[in-house]
Amino acid sequence: LAVVFVAVMLLGVRRLLPRWLDVAAPEPSSGTLATVVCVMLAASLSTELIGIHALFGAFLAGAIMPDVNDFRDRIRVRVEKFSTVLLLPLFFAFTGLRTEVGLLSGWHDWLICLAIIALATVGKLGATAVAARWTGMGWRDALQLGALMNTRGLMELIALNIGYDLGILSPRIFTMLVVMALVTTFMTGPLLSLFQRVGLKKAV
């Protein structure tokens with residue numbers, strides 16, 4: 001069913017979208033926006049019924065949108081304002097309500113949480129820095145790139161919520177991973193400043 005859905009979207013809906021949408025208009029009309037939202041919702045519902053998370057249907061709907069006359073950029077600007085002001089805060093609130101910090105009651109739980117944060121940081125920041133250094137970048141730039149890659153933010157929370165919904169993550173592990181996502185995201189700014197200062201001191 002997933003293969004059939006992808007084939008229908010790529011071979012059928014993708015070819016019909018230029019007929020349904022006014023891609024030449026300087027500003028998307030209400031009808032165009034409504035069509036885009038309907039295609040996205042239909043794709044999300046389809047993947048949800050198939051047994052795949054609705055996120056993948058929405059992603060594929062965005063991927064097949066026509067890329068003519070900067071149509072995607074114009075749609076993104078219009079939709080982004082609504083999603084940033086309303087939908088994004090709702091998602092963060094929804095994730096926060098699911099996160100039960102009280103489950104981390106003892107030092108053993110917090111020790112595991114710190115170990116997860118350390119492992120996640122070494123795995124992403126360290127691996128990115130080593131790979132960047134191997135390609136010829138200096139250590140300062142490599143570490144700064146690693147710090148930027150280490151941030152997880154929204155996509156990590158989406159992945160964690162999918163894992164929680166599927167029953168892969170227990171409430172306790174979910175809470176630990178949410179804390180890890182928040183800590184590694186908050187670390188980005190201080191780490192960039194730190195690596196910048198260390199690089200300037202070495203240069204001097």
# chains A, B, ... in the order shown; residues from 1 in each chain; ligands from 1
>>> residues_around(residues="segment 2-6 of chain A", least_positions_apart="2", cutoff="8 Å", atoms="only C-alpha atoms", output="PyMOL selection string")
chain A and resi 8-10+46-47+50+60
>>> write_last_selection(atoms="N, CA and C atoms", output="PDB file, in the first residue's frame")
ATOM      1  N   VAL A   8       1.073   6.722  -6.829  1.00  0.00           N
ATOM      2  CA  VAL A   8      -0.054   7.600  -7.158  1.00  0.00           C
ATOM      3  C   VAL A   8       0.339   9.067  -6.990  1.00  0.00           C
ATOM      4  N   MET A   9       1.070   9.368  -5.921  1.00  0.00           N
ATOM      5  CA  MET A   9       1.472  10.753  -5.671  1.00  0.00           C
ATOM      6  C   MET A   9       2.459  11.252  -6.724  1.00  0.00           C
ATOM      7  N   LEU A  10       3.431  10.423  -7.070  1.00  0.00           N
ATOM      8  CA  LEU A  10       4.479  10.854  -7.992  1.00  0.00           C
ATOM      9  C   LEU A  10       4.023  10.836  -9.452  1.00  0.00           C
ATOM     10  N   SER A  46      -4.017   9.462   4.212  1.00  0.00           N
ATOM     11  CA  SER A  46      -3.748   8.215   3.500  1.00  0.00           C
ATOM     12  C   SER A  46      -2.640   7.417   4.178  1.00  0.00           C
ATOM     13  N   THR A  47      -1.549   8.079   4.502  1.00  0.00           N
ATOM     14  CA  THR A  47      -0.450   7.353   5.154  1.00  0.00           C
ATOM     15  C   THR A  47      -0.842   6.898   6.559  1.00  0.00           C
ATOM     16  N   ILE A  50      -2.823   3.799   6.096  1.00  0.00           N
ATOM     17  CA  ILE A  50      -1.952   2.704   5.664  1.00  0.00           C
ATOM     18  C   ILE A  50      -1.208   2.112   6.851  1.00  0.00           C
ATOM     19  N   LEU A  60       5.639  14.047   1.596  1.00  0.00           N
ATOM     20  CA  LEU A  60       5.566  13.717   0.178  1.00  0.00           C
ATOM     21  C   LEU A  60       4.698  14.721  -0.573  1.00  0.00           C
TER      22      LEU A  60
END
>>> residues_around(residues="segment 167-172 of chain A", least_positions_apart="5", cutoff="8 Å", atoms="only C-alpha atoms", output="VMD selection string")
chain A and resid 98 to 100 103 to 104 160
>>> write_last_selection(atoms="C-alpha atoms", output="short mmCIF file (atom, residue, chain, number, x, y, z; two decimals), in the first residue's frame")
data_model
loop_
_atom_site.label_atom_id
_atom_site.label_comp_id
_atom_site.auth_asym_id
_atom_site.auth_seq_id
_atom_site.Cartn_x
_atom_site.Cartn_y
_atom_site.Cartn_z
CA ARG A 98 3.58 14.13 27.31
CA THR A 99 6.91 14.70 29.02
CA GLU A 100 6.69 13.48 32.61
CA LEU A 103 9.40 9.83 36.17
CA LEU A 104 13.10 10.70 36.59
CA LEU A 160 10.30 11.05 19.44
#
>>> closest_residue(among="A:Leu45, A:Val183, A:Ala127, A:Ala120", to="Gly57 of chain A", atoms="only C-alpha atoms")
A:Leu45
>>> residues_around(residues="Val101 of chain A", least_positions_apart="5", cutoff="10 Å", atoms="only C-alpha atoms", output="list in words")
Gly96, Pro171, Arg172, Phe174, Thr175, Met176, Val178 and Val179 of chain A
>>> write_last_selection(atoms="all heavy atoms", output="mmCIF file, in the first residue's frame")
data_model
loop_
_atom_site.group_PDB
_atom_site.id
_atom_site.type_symbol
_atom_site.label_atom_id
_atom_site.label_comp_id
_atom_site.auth_asym_id
_atom_site.auth_seq_id
_atom_site.Cartn_x
_atom_site.Cartn_y
_atom_site.Cartn_z
ATOM 1 N N GLY A 96 5.219 18.809 25.516
ATOM 2 C CA GLY A 96 5.473 19.100 26.923
ATOM 3 C C GLY A 96 4.515 18.380 27.851
ATOM 4 O O GLY A 96 4.907 17.896 28.919
ATOM 5 N N PRO A 171 7.298 5.904 28.423
ATOM 6 C CA PRO A 171 7.216 7.283 28.915
ATOM 7 C C PRO A 171 8.514 7.754 29.567
ATOM 8 O O PRO A 171 8.897 8.913 29.425
ATOM 9 C CB PRO A 171 6.066 7.227 29.930
ATOM 10 C CG PRO A 171 5.204 6.109 29.459
ATOM 11 C CD PRO A 171 6.155 5.087 28.886
ATOM 12 N N ARG A 172 9.208 6.870 30.260
ATOM 13 C CA ARG A 172 10.453 7.246 30.938
ATOM 14 C C ARG A 172 11.568 7.549 29.934
ATOM 15 O O ARG A 172 12.252 8.575 30.036
ATOM 16 C CB ARG A 172 10.868 6.107 31.877
ATOM 17 C CG ARG A 172 12.131 6.350 32.663
ATOM 18 C CD ARG A 172 12.228 5.335 33.790
ATOM 19 N NE ARG A 172 13.571 5.165 34.270
ATOM 20 C CZ ARG A 172 14.417 4.252 33.829
ATOM 21 N NH1 ARG A 172 14.031 3.403 32.891
ATOM 22 N NH2 ARG A 172 15.623 4.155 34.321
ATOM 23 N N PHE A 174 11.111 8.263 26.782
ATOM 24 C CA PHE A 174 10.658 9.423 26.014
ATOM 25 C C PHE A 174 11.049 10.714 26.713
ATOM 26 O O PHE A 174 11.548 11.658 26.093
ATOM 27 C CB PHE A 174 9.138 9.346 25.823
ATOM 28 C CG PHE A 174 8.541 10.549 25.149
ATOM 29 C CD1 PHE A 174 8.613 10.704 23.779
ATOM 30 C CD2 PHE A 174 7.903 11.540 25.890
ATOM 31 C CE1 PHE A 174 8.063 11.818 23.156
ATOM 32 C CE2 PHE A 174 7.347 12.646 25.283
ATOM 33 C CZ PHE A 174 7.430 12.783 23.913
ATOM 34 N N THR A 175 10.839 10.766 28.030
ATOM 35 C CA THR A 175 11.193 11.956 28.806
ATOM 36 C C THR A 175 12.694 12.214 28.747
ATOM 37 O O THR A 175 13.134 13.354 28.557
ATOM 38 C CB THR A 175 10.745 11.786 30.260
ATOM 39 O OG1 THR A 175 9.318 11.641 30.297
ATOM 40 C CG2 THR A 175 11.153 12.980 31.102
ATOM 41 N N MET A 176 13.497 11.161 28.904
ATOM 42 C CA MET A 176 14.951 11.317 28.838
ATOM 43 C C MET A 176 15.393 11.859 27.486
ATOM 44 O O MET A 176 16.259 12.748 27.407
ATOM 45 C CB MET A 176 15.632 9.977 29.105
ATOM 46 C CG MET A 176 15.499 9.465 30.525
ATOM 47 S SD MET A 176 16.366 7.894 30.713
ATOM 48 C CE MET A 176 16.036 7.535 32.441
ATOM 49 N N VAL A 178 13.570 13.602 25.332
ATOM 50 C CA VAL A 178 13.126 14.989 25.177
ATOM 51 C C VAL A 178 14.081 15.935 25.898
ATOM 52 O O VAL A 178 14.461 16.983 25.372
ATOM 53 C CB VAL A 178 11.684 15.157 25.707
ATOM 54 C CG1 VAL A 178 11.319 16.636 25.807
ATOM 55 C CG2 VAL A 178 10.698 14.448 24.800
ATOM 56 N N VAL A 179 14.486 15.558 27.107
ATOM 57 C CA VAL A 179 15.468 16.366 27.837
ATOM 58 C C VAL A 179 16.762 16.459 27.040
ATOM 59 O O VAL A 179 17.369 17.538 26.935
ATOM 60 C CB VAL A 179 15.723 15.755 29.235
ATOM 61 C CG1 VAL A 179 16.893 16.459 29.925
ATOM 62 C CG2 VAL A 179 14.472 15.860 30.100
#
>>> atom_distance(atom1="atom CA of Asp73 of chain A", atom2="atom CA of Leu33 of chain A")
12.8 Å
>>> atom_distance(atom1="atom CA of Ala58 of chain A", atom2="atom CA of Met40 of chain A")
5.2 Å
>>> residues_around(residues="Leu21 of chain A", least_positions_apart="5", cutoff="12 Å", atoms="only C-alpha atoms", output="PyMOL selection string")
chain A and resi 13-16+27-39+65-68+71-72+75
